[in-house]
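Remarks on the structure that follows.
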Amino acid sequence: MLNYPWLVLLFPLVGVIINAFVGRYLGKRGAGILASAMVGLSFVGAVWMFVELLGLEDRVVTRPLFDWISVGDFNVQVKLLIDPLSSVMAVVVSGVSFLIHIYSIGYMAHDERFVRFFAYLNLFVFAMLTLVLAENLLVTYVGWEGVGLCSYLLIGFWFERKSAADAGKKAFLVNRVGDVGFALGLMLMFVTFGSLSMSEVLESTLAVRLMPGVATAIALLLFVGAVGKSAQIPLYVWLPDAMEGPTPVSALIHAATMVTAGVYMVARTHTLFALSPSALTWVAAIGGVTAFFAATIALTQHDLKRVLAYSTISQLGYMFLGVGVGAYAAGIFHLTTHAFFKALLFLGAGSVMHALAGELDIRKMGGLRSKIPVTFWIFLIAALAIAGFPGLAGFFSKDEILWQTFAGGKTFLWALALLTAGLTAFYVFRLVFMVFYGESRVDKKVAAHVHESPRVMTVPMAILAVFSVIGGYIGVPKILGGGNWIEHYLDGSLGWHAPEAAIAETAHASAGTEWALLILSVIVALAGIALAYVFYVRRTDLPSRVAKSLGGLYSLVYNKYKVDELYMAAIVKPLRAIGKFFADSVDGPVVDGIAEGIAALVALMGRGLQALQTGLARNYALGILAGAVLLLVYALVK
Amino acid sequence: MTLSSLHYFILSAILFAIGGIGVLVRRNAIVIFMCVEMMLNAVNLSLIAFARYLNGVDGQLLVLFVMAIAAAEVVVGLAILVALYRKRPTTDVDEMNLLKG
Amino acid sequence: MNQMGFPLLTLVVWLPLLGAVLAYAFRREQVKAVKTWALAVTGITFVLAVLLWVFFAPTEAGYQFVDRAAWIPQFGLEYALGVDGISLFLVILAALLFVVAVLTSWRLVPAEGLRGYFALLLFMETGVLGVFTALDLVLFYVFWEVMLVPAFFLIGRWGGAKRVRAATKFFIYTMAGSALMLVAILALGYAAYSATGAWTFNIADLAGMRIPWYTQLALFGAFALAFAVKAPLVPFHTWLPDAYVEAPTPVTILLAGILGKMGVYGFIRFAIPLFRDAAVFFAPTIQILAVVGVLYGSLIALVQTDLKRLVAYSSLAHVSLIVLGLFAVNAQSMSGAVFQSVSHGIYIAALFALLGALEARKGTRDIAAFGGVWKAAPVMGFFLLIAVLASVGLPGLNAFAGEFVLLLGVFKAQKVFAVLGALGMIFGAWYMLTLFQRVMQGAAKPEALADLTGLERVTVAPLLLLALVFGVQPNLLYGIIVPAVEAVVKAVASR
Amino acid sequence: MLEIILFACFALAAIAGAVWVILGKNASWSALGLLVNFCSLGALYIMLNAPFVALIQFIVYAGAIVVMFLFVVMLLMVRRGEGEDKKPFQRYMGIALAVLLAAGLVYIGVSVAMPHGSLPATPQDNARVLGLTLFSEYLLPLWMAGVLLLIGMIAVVMLAKRKKEA
Amino acid sequence: MAIDLQVLAPEAIILAVVLLALLLNALGGKRSTAAMGWLALVGVILAGAASLYYWGDTAPTFQGMVGADGYGLFANVVFLLAAGLAILMGLEAVRRFDLPAEVFVLILIATLGMMLLGSAINLVAVFLALEILSISLYVLTASERDEWRSLEAGMKYFILGGFASGFLLFGIAMIYGATGTFSLAAVGAQGASLSALRDAPLLAAGLIFLLIGFAFKVALVPFQMWTPDVYEGAPSLVTAFMSAGAKAAGFVALIRILETAFPYWRAEWGLALAVIAVLTMTWGNMAALGQRSVKRMLAYSSIAHAGYIVIGVAVAGRAGYASVLFYLICYTLMNVGAFAVILAMGHKSAPNEDIDDYAGLIRRKPGLALAMGLFMLALAGIPLTAGFLAKLYVFSAAVVEGYAWLAAVALVNAVISAYYYLRVAGRMFFGEARANASPVHVSAPLGVALALTGLLTVILGVYPAPLLNLIQAAIRPIVGF
């Protein structure tokens with residue numbers, strides 16, 4: 001399989017083509033199965049590659065496909081790179097995608113644009129795998145924008161709803177801002193290194209001593225791209241709105257895969273980031289602050305999927321925190337586990353919505369534990385995983401990041417991340433309790449039809465649940481007796497240039513400290529869960545009282561810090577106003593006015609000349625006489 | 001002081017200018033014709049004077065031709081005037097201003 | 001004689017004119033036959049143009065398929081045609097877009113005056129193809145100017161409500177722009193005459209000439225003005241929205257797709273290589289205009305309420321970007337610019353064809369009148385989506401392969417311009433997606449619009465396919481464009 | 001000296017006649033001024049040794065042309081004066097420019113050496129010399145003058161004849 | 001002195017035809033009109049043939065008055081072309097507009113004047129030829145004798161023409177006074193050592209006054225003001241003839257006089273004419289912008305074209321003069337063609353000259369509309385028409401002789417002119433015809449004239465090389481070999 005890695009890309013592409021052109025003849029079932037099968041084949045291929053790679057000594061394999069762009073010294077080859085990092089990503093992406101495809105067969109069963117949905121999903125998988133497997137960063141960029149496109153299409157899938165169409169456009173545009181940063185980073189990279197090939201850049205970064213400013217500039221420009229795609233401050237605003245899309249999309253694209261592309265990209269180019277400590281600090285800081293910031297918003301929201309969206313932003317912040325402190329493997333580890341449990345949370349939410357005819361407001365839920373038990377259990381597992389309940393996937397990965405942050409000396413960020421861990425446990429269990437416990441606040445009409453989801457939905461969820469539980473064991477830290485397998489495996493990709501500082505700190509920190517921190521984070525997580533229990537099961541009057549006592553602060557957080565409004569007022573409206581001004585007051589009156597004015601002036605002069613043409617012969621004779629005098633003067637002076 | 005062509009030339013220029021003024025200020029077409037004739041005559045004077053003081057005869061010959069031309073011209077002019085007068089009884093050239101602008 | 005031993009290029013250029021004349025061999029009532037005839041002529045021309053590509057020797061520098069003959073020896077005027085890597089694809093694009101224009105005209109044009117319509121269209125094709133192939137400056141000017149005539153009549157007769165005004169403005173504005181160019185051409189010919197004692201306007205002979213500094217500035221200015229109006233560059237663009245909006249859709253396709261490229265082509269073929277010092281001297285000025293054009297056009301496009309006007313301003317922004325690339329004068333920026341000229345021609349044609357279809361169905365260009373069209377017309381929505389995506393520079397479609405390389409080249413030379421130009425990519429996405437949203441998405445209006453007819457699909461689909469093919473395999477074009485561009489770059493560098 | 005006095009007299013008469021023409025209240029008055037002007041010039045021609053031309057001047061100009069003017073004046077019965085000139089600008093500008101023109105010509109005249117050859121002309125031969133030159137060197141112009149008169153004839157026939165239908 | 005009548009063969013043919021036609025008119029009365037027209041046409045063709053036949057390397061002169069050199073003979077062809085086209089158009093139009101049969105005779109006489117003017121090498125002959133031309137044009141202008149505007153135009157033309165002739169004659173007198181001769185060559189020889197104008201003020205003043213006379217004839221600012229009124233008032237047939245022919249004769253003679261008698265002041269009159277050129281084309285074009293009457297618009301346009309042509313005179317030199325000759329031919333074709341359309345549109349007492357009368361002409365008379373469109377484009381100087389190459393030639397001459405700025409001004413002017421030419425084209429092709437539009441009849445001779453001018457306009461615009469060879473040969477007698 002390593003010899004034919006393009007097959008992994010080909011399968012979903014075939015799915016796209018078939019579904020786009022002849023999908024409507026296949027029928028819903030056929031189209032769904034075809035799409036899922038294609039992704040399944042892709043998954044098989046990815047796993048196969050992964051296994052093959054394990055058996056190799058040198059775990060970096062490149063396979064050129066074709067020359068893409070050659071202009072002078074600018075040459076871009078479409079080449080696939082299979083190394084530990086990309087192979088893990090490929091497996092995760094195709095695997096989660098496969099499950100969600102299957103889930104979607106059930107979830108989207110009643111949608112009129114069923115076939116189109118699967119075509120989009122396949123296209124997404126194709127683009128995402130391109131992003132992951134690309135050797136050349138420009139090809140990565142192709143996948144990068146490709147997933148953005150699919151995100152746009154899928155968010156706006158129900159385009160009849162203005163909010164959905166708006167959200168899709170917003171996602172694309174905000175991502176575009178990041179993408180332009182990415183593109184400029186690539187340009188600077190090319191100007192600096194003369195290539196956009198990963199391996200060549202890697203060699204250059206290892207060999208060349210750069211002006212630190214240049215490395216920082218490249219790294220930060222690339223990071224702008226990552227911030228856009230991975231919804232970090234200040235470009236996170238599109239992700240909550242992206243929940244307008246169908247829930248499987250939220251699960252796949254806006255939780256498990258696409259949004260993690262930023263983290264992947266930073267990890268991919270880590271040698272470059274490693275050249276610039278200040279850039280790394282920025283990454284870590286933005287990650288940490290975003291994690292906390294988004295978590296606070298998640299505390300207050302009533303929309304089930306939006307809470308999860310802010311949670312995603314928050315968790316992505318963790319990942320950036322991880323890569324920002326040089327713990328690239330930890331970042332990727334968390335990325336992997338997060339893919340499982342966050343996807344699962346979304347699918348669970350989808351299942352809830354499925355049961356409640358699309359209801360999303362958690363204030364109109366409650367007491368569903370008994371009505372949809374499978375969903376409840378699955379959701380609970382995912383919640384525990386994200387909350388960092390010991391032994392579950394999230395516990396290991398999150399803790400690794402916390403530890404590395406602390407070890408890297410970023411104590412403030414560590415504290416913030418720890419606090420966020422508590423908040424995470426709180427808001428996630430706030431969901432669990434408000435949705436599944438207590439009195440039913442469901443609409444009467446809806447309540448009558450509450451039902452468990454079909455098997456086509458629950459089975460993929462169950463599988464994901466399993467991974468949410470066991471996914472963490474690929475990275476069990478040494479102190480818990482594990483070998484931290486994933487870190488070692490990823491060393492093949494990420495071990496090139498680990499920052500000296502981080503390694504040094506890690507070496508010095510004692511095992512005792514690590515244990516202490518471990519226990520502390522468990523306590524924080526459990527405290528969060530307990531507090532949520534108190535607030536939403538025991539003393540259900542507490543939340544509103546707390547909210548009231550916090551007053552303005554609460555409403556600020558509840559209104560998402562009014563960032564959307566700020567952007568609207570500071571960027572969108574002024575730009576539109578400038579456009580309006582240009583269109584109404586500059587282009588017509590001034591620019592065209594000058595052109596038309598010249599024409600009018602000429603016409604006016606013509607009318608003046610016409611006025612001289614009085615029709616009187618003697619006037620004309622006067623003209624002749626005047627001309628004669630002038631010419632005579634000319635003769636006398638010349 | 002003896003006369004030379006200069007004196008005649010000056011007289012000629014003055015008469016030419018007076019004829020010109022006539023064309024510019026008079027409105028009676030017939031008078032304008034007369035003024036045009038005066039201008040030609042003024043030039044004739046110059047020509048004859050030059051011929052005399054250059055001791056040539058070409059100038060005089062040209063004057064003869066000018067006279068022929070003047071005759072033909074006046075005939076044509078008066079014919080047009082008469083034709084116009086038939087359409088509208090006026091000789092005021094300022095009233096002939098239908099064409100303008 | 002050329003490598004074919006056969007005047008293929010001459011045939012390509014003049015065949016449409018012949019077709020125009022012969023269109024009158026049909027009777028007035030033979031509507032269908034006239035249409036078919038026009039399609040056949042443009043189609044054959046296109047095939048012949050593609051043959052140029054087939055027989056083009058990519059490794060050889062300089063002009064190929066050169067046809068030369070004395071024309072007016074008294075003035076040193078030559079009939080000289082030829083193509084190189086820069087013009088080859090513009091020729092093919094032009095030939096293609098005329099086929100598209102004929103197909104777009106199929107239903108649009110009333111039977112009355114049909115022969116005249118297609119005759120003018122074919123006449124225009126000869127003019128356009130001549131512009132891209134003429135190697136003699138005066139011949140170039142002849143094609144350049146004469147092309148205005150059919151455009152004027154096509155817009156004025158078959159355009160929208162304010163068509164006569166728009167047609168006149170277009171004609172006068174463009175002619176005003178190129179008036180001084182003729183003087184410059186003559187001055188250039190005279191300079192060659194003074195230097196060598198023989199009149200010539202052949203660019204190959206003129207290109208190597210040393211021209212005094214101030215003369216260069218003046219001549220470059222005259223040429224640049226002509227091209228800046230045609231392209232157009234801010235602030236010479238105000239004829240553009242009127243003309244694009246008022247022209248009948250097929251003509252809008254041609255105006256936006258290929259006529260604007262004539263300005264771009266003029267810069268790279270004439271203004272830059274002939275007056276290298278002046279080009280370098282003026283480059284920052286023109287680049288600033290271009291950057292202003294990118295941002296200004298984008299911002300205005302953002303608030304337009306008229307379908308065609310929006311795309312017209314977007315075209316301003318896109319073409320400004322191309323000019324920005326030209327004047328960074330390096331292999332990437334210029335190759336990217338040429339590539340992008342072709343690719344812009346492709347997707348803008350598709351865009352206008354689709355907008356034309358929308359306008360024809362609804363009878364208005366007001367964006368607010370549309371909404372939710374995608375629901376009833378999935379194919380149209382899908383096509384428009386691809387065209388929009390190509391326009392916003394989505395990788396994998398052609399514009400990206402042009403824009404990225406172009407911006408990369410600009411970035412190499414002047415980072416600030418590249419950054420500002422890249423802002424255009426954000427704005428571009430903004431207004432194009434807004435357009436798409438307001439037309440295709442949202443709640444459907446009560447009366448459902450019919451989906452694209454088979455003919456319309458056949459018209460637009462090849463363009464979109466090309467957008468994809470050139471996006472995935474841009475080297476098809478770059479392989480031929482780059483050597484030609486590098487020759488220009490080298491010439492400028494060695495000035 | 002006598003020559004000068006005679007010149008002065010006729011010159012003044014010519015100017016007076018010219019001014020009379022342009023000041024004349026109506027066309028018939030002007031015609032009389034024109035007659036004075038023409039005759040004075042004729043006299044000057046004699047002084048300039050051009051008796052034949054002078055003769056023609058008296059016969060053709062003073063005779064035929066002035067009479068023709070008078071004839072047309074009578075024919076059209078134009079009695080009316082012109083009334084006030086509504087265009088003072090035209091008048092003053094015209095006079096000023098004409099004066100300037102004359103002044104310029106005079107300036108030119110005095111600033112160059114004008115022909116002043118003093119060879120005795122031969123008035124006795126005048127007509128003979130003219131005739132000889134006319135029919136040799138100036139044969140073509142003579143023919144052309146004939147054509148001119150032909151035009152005059154055609155013009156009168158064409159313009160003056162009433163249309164049959166009318 | 002031997003009399004070499006051969007020299008005057010073309011002129012003699014014309015004169016003979018004139019007399020024959022008059023005889024015919026006297027004998028045949030009203031019915032003879034058409035016969036006179038055909039006779040005149042035959043005369044024109046014969047005279048043209050004679051001109052070409054006698055074109056050789058020798059340049060005999062007639063008594064030192066006219067010279068039958070290649071230049072004059074070539075010019076004859078231009079005048080005869082204008083006359084022939086006018087007569088062709090007139091064959092039917094005289095009836096439609098109820099013009100007197102004498103029109104044909106007068107056109108022939110005017111042509112005779114032009115031919116003599118173009119060949120004249122003596123100022124006496126120049127003056128007489130000019131007067132023959134002028135006076136016959138006065139009469140022709142007034143020839144629609146039951147139309148007030150025709151008579152008014154004739155009257156204005158007459159008064160101003162007489163006024164301008166006075167200047168011309170005074171100029172001749174001063175030249176005579178300064179040099180003692182009327183012979184152009186002798187004047188040139190006498191002044192050969194002069195440099196500045198003020199070195200010989202009398203001669204200079206003579207030159208200036210002479211220029212005024214010609215500037216009036218070819219309508220240069222500020223001596224052009226008669227043009228719009230006269231062109232509009234005159235019967236279209238006559239306007240076509242005089243706008244092309246008289247202009248051509250004036251320029252042809254002007255070049256010969258300037259180049260033979262005043263070559264030493266080339267820079268001086270060149271500059272004056274250059275300034276006049278700028279004023280003339282600008283005035284003509286700007287004033288034409290606001291016209292509603294197509295005919296009057298063309299009158300202004302003819303002023304503008306005089307401005308372009310005079311560039312060729314101003315810049316002088318081989319290229320300059322050759323360009324003038326080429327321009328004159330092209331202008332004759334396209335302008336006469338345009339007037340032919342105007343003629344076709346009009347009727348007695350319904351001239352239909354307003355631009356709105358042309359609205360929708362493409363639907364009523366497609367052929368006529370196409371022809372008019374072609375002429376408009378040609379006049380605007382659009383490539384592939386004679387108008388473009390004519391301009392190109394003049395402007396390239398300007399560039400060659402160091403007058404690039406003049407070419408630039410002229411091209412800006414050409415842009416202005418495009419506006420009003422296009423307006424006509426636009427109205428014809430885009431406008432809606434009036435409901436009560438009067439019918440348009442294109443008679444066979446008029447059609448032939450249209451086809452001829454149209455075809456030649458295109459042919460000269462595409463492949464003028466043979467004609468250019470002729471022209472370059474034709475100017476050799478003027479500028480030397």
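By order of appearance in the structure tokens: chains A, B, ..., then residues from 1 within every chain, and ligands from 1 in the order shown.
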**Request:** Just the residues within 6 Å of stretch 43-53 of chain B, please, counting only C-alpha atoms, with nothing from its chain fewer than 2 positions along; format it as a VMD selection string.
**Result:** (chain B and resid 5 9 12 40 to 41 55 to 57 59 to 60 63) or (chain D and resid 48 115 to 117) or (chain E and resid 170 173 177)
**Prompt:** Taking only C-alpha atoms into account, which residues of chain A are within 8 Å of chain D, as a ChimeraX atom specification?
**Reply:** /A:619,622,625-626,628-629,632-633
Since we have the selection now, will you write its residues out, keeping C-alpha atoms, as a short mmCIF file (atom, residue, chain, number, x, y, z; two decimals), in the first residue's frame?
data_model
loop_
_atom_site.label_atom_id
_atom_site.label_comp_id
_atom_site.auth_asym_id
_atom_site.auth_seq_id
_atom_site.Cartn_x
_atom_site.Cartn_y
_atom_site.Cartn_z
CA ASN A 619 -19.50 88.99 -38.15
CA LEU A 622 -14.77 90.53 -38.80
CA LEU A 625 -10.14 90.84 -40.59
CA ALA A 626 -9.00 89.82 -37.14
CA ALA A 628 -5.52 89.18 -41.12
CA VAL A 629 -4.32 91.54 -38.42
CA LEU A 632 0.24 90.59 -40.23
CA VAL A 633 1.61 91.05 -36.73
#
**Asked** Quick one: distance from atom CA of E:Leu377 to atom CA of E:Tyr300 in Å, one decimal?
**Response**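 If I compute the distance from atom CA of E:Leu377 to atom CA of E:Tyr300, I get 16.1 Å.
Selected on chain E by distance to chain A: Lys156, Ile159, Leu160, Phe163, Ala164, Ala196, Leu197, Arg198, Pro201, Ala204, Ala205, Ile208, Phe209, Ile212, Pro222, Phe223, Met225, Trp226, Asp229, Glu268, Trp283, Asn285, Met286, Ala287, Ala288, Leu289 and Gly290 of chain E (within 8 Å, counting only C-alpha atoms).
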**Message:** So that I can check the secondary structure, give me every residue of stretch 161-286 of chain C assigned alpha helix (DSSP H) by backbone DSSP, as JSON, numbers by chain.
**Reply:** {"C": [163, 164, 165, 166, 167, 168, 169, 170, 171, 172, 173, 174, 175, 176, 177, 178, 179, 180, 181, 182, 183, 184, 185, 186, 187, 188, 189, 190, 191, 192, 193, 194, 195, 196, 203, 204, 205, 206, 207, 213, 214, 215, 216, 217, 218, 219, 220, 221, 222, 223, 224, 225, 226, 227, 228, 229, 230, 239, 240, 241, 242, 243, 244, 245, 246, 249, 250, 251, 252, 253, 254, 260, 261, 262, 263, 264, 265, 266, 272, 273, 274, 276, 277, 278, 279, 280, 281, 282, 283, 284, 285, 286]}
**Message:** Given only C-alpha atoms as the basis, pick out the residue of A:Leu26, A:Leu542, A:Val259, A:Val307 nearest to A:Val115.
**Reply:**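 The closest residue to A:Val115 is A:Leu26.
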**Message:** With only C-alpha atoms as the counted atoms, please give the residues lying no more than 10 Å from A:Lys305, apart from itself and same-chain residues fewer than 5 positions off, as a PyMOL selection string.
**Reply:** chain A and resi 240-244+247+250-251+310-311+345-346+349-350+353+360-362
**Item:** Of the listed residues D:Ala31, D:Leu44, D:Ala127, D:Ala145, that which approaches B:Phe33 most closely, counting only C-alpha atoms
**Value:**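 Of D:Ala31, D:Leu44, D:Ala127, D:Ala145, the one nearest B:Phe33, counting only C-alpha atoms, is D:Ala31.
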**Asked** Which residues of chain C are close to chain A, meaning at most 7 Å apart when you count only C-alpha atoms, and how do they look as a PyMOL selection string?
**Response** chain C and resi 235+238+299-300+302-303+331-332+372+394-396+408+411-412+422+426+429-430+433+437+441-444+472-475+478+482
List every residue of chain B that has an atom at most 8 Å from any atom of chain E, and for each one report the closest atom pair and its distance in Å to one decimal, counting only C-alpha atoms, with rows sorted by chain and then by increasing residue number, as a Markdown table.
| residue | atom | partner | partner_atom | distance |
| --- | --- | --- | --- | --- |
| B:Gly20 | CA | E:Phe163 | CA | 7.6 |
| B:Val23 | CA | E:Phe163 | CA | 7.8 |
| B:Ile32 | CA | E:Ile159 | CA | 7.5 |
| B:Phe33 | CA | E:Ile159 | CA | 7.1 |
| B:Val36 | CA | E:Phe163 | CA | 6.0 |
| B:Met39 | CA | E:Gly166 | CA | 5.9 |
| B:Leu40 | CA | E:Gly166 | CA | 5.5 |
| B:Val43 | CA | E:Phe170 | CA | 5.4 |
| B:Ser46 | CA | E:Ala173 | CA | 6.6 |
| B:Leu47 | CA | E:Ala173 | CA | 5.4 |
| B:Phe50 | CA | E:Gly177 | CA | 5.3 |
| B:Ala51 | CA | E:Gly180 | CA | 7.8 |
| B:Leu54 | CA | E:Gly180 | CA | 6.4 |
| B:Gly56 | CA | E:Gly180 | CA | 7.8 |
| B:Asp58 | CA | E:Thr181 | CA | 7.7 |
| B:Gly59 | CA | E:Tyr176 | CA | 7.6 |
| B:Leu62 | CA | E:Val124 | CA | 6.5 |
| B:Phe65 | CA | E:Leu128 | CA | 7.7 |
| B:Ile69 | CA | E:Glu131 | CA | 7.3 |
| B:Glu73 | CA | E:Ile135 | CA | 6.8 |
| B:Val76 | CA | E:Val139 | CA | 7.0 |
| B:Gly77 | CA | E:Phe158 | CA | 6.6 |
| B:Ile80 | CA | E:Met155 | CA | 6.5 |
| B:Leu81 | CA | E:Met155 | CA | 7.1 |
| B:Ala83 | CA | E:Arg145 | CA | 6.9 |
| B:Leu84 | CA | E:Leu151 | CA | 6.0 |
| B:Lys87 | CA | E:Trp148 | CA | 6.7 |
| B:Met96 | CA | E:Glu152 | CA | 5.8 |
| B:Asn97 | CA | E:Glu152 | CA | 7.6 |
| B:Leu98 | CA | E:Arg149 | CA | 6.9 |
| B:Leu99 | CA | E:Asp229 | CA | 5.2 |
| B:Lys100 | CA | E:Asp229 | CA | 6.1 |
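Among the candidates D:Ala16, D:Val147, D:Val53, D:Met153, the one nearest to chain E when counting only C-alpha atoms is D:Val147.
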**Item:** Which residue of E:Ser396, E:Ser443, E:Ser195, E:Gln63 approaches chain C most closely, using only C-alpha atoms
**Value:** E:Ser396
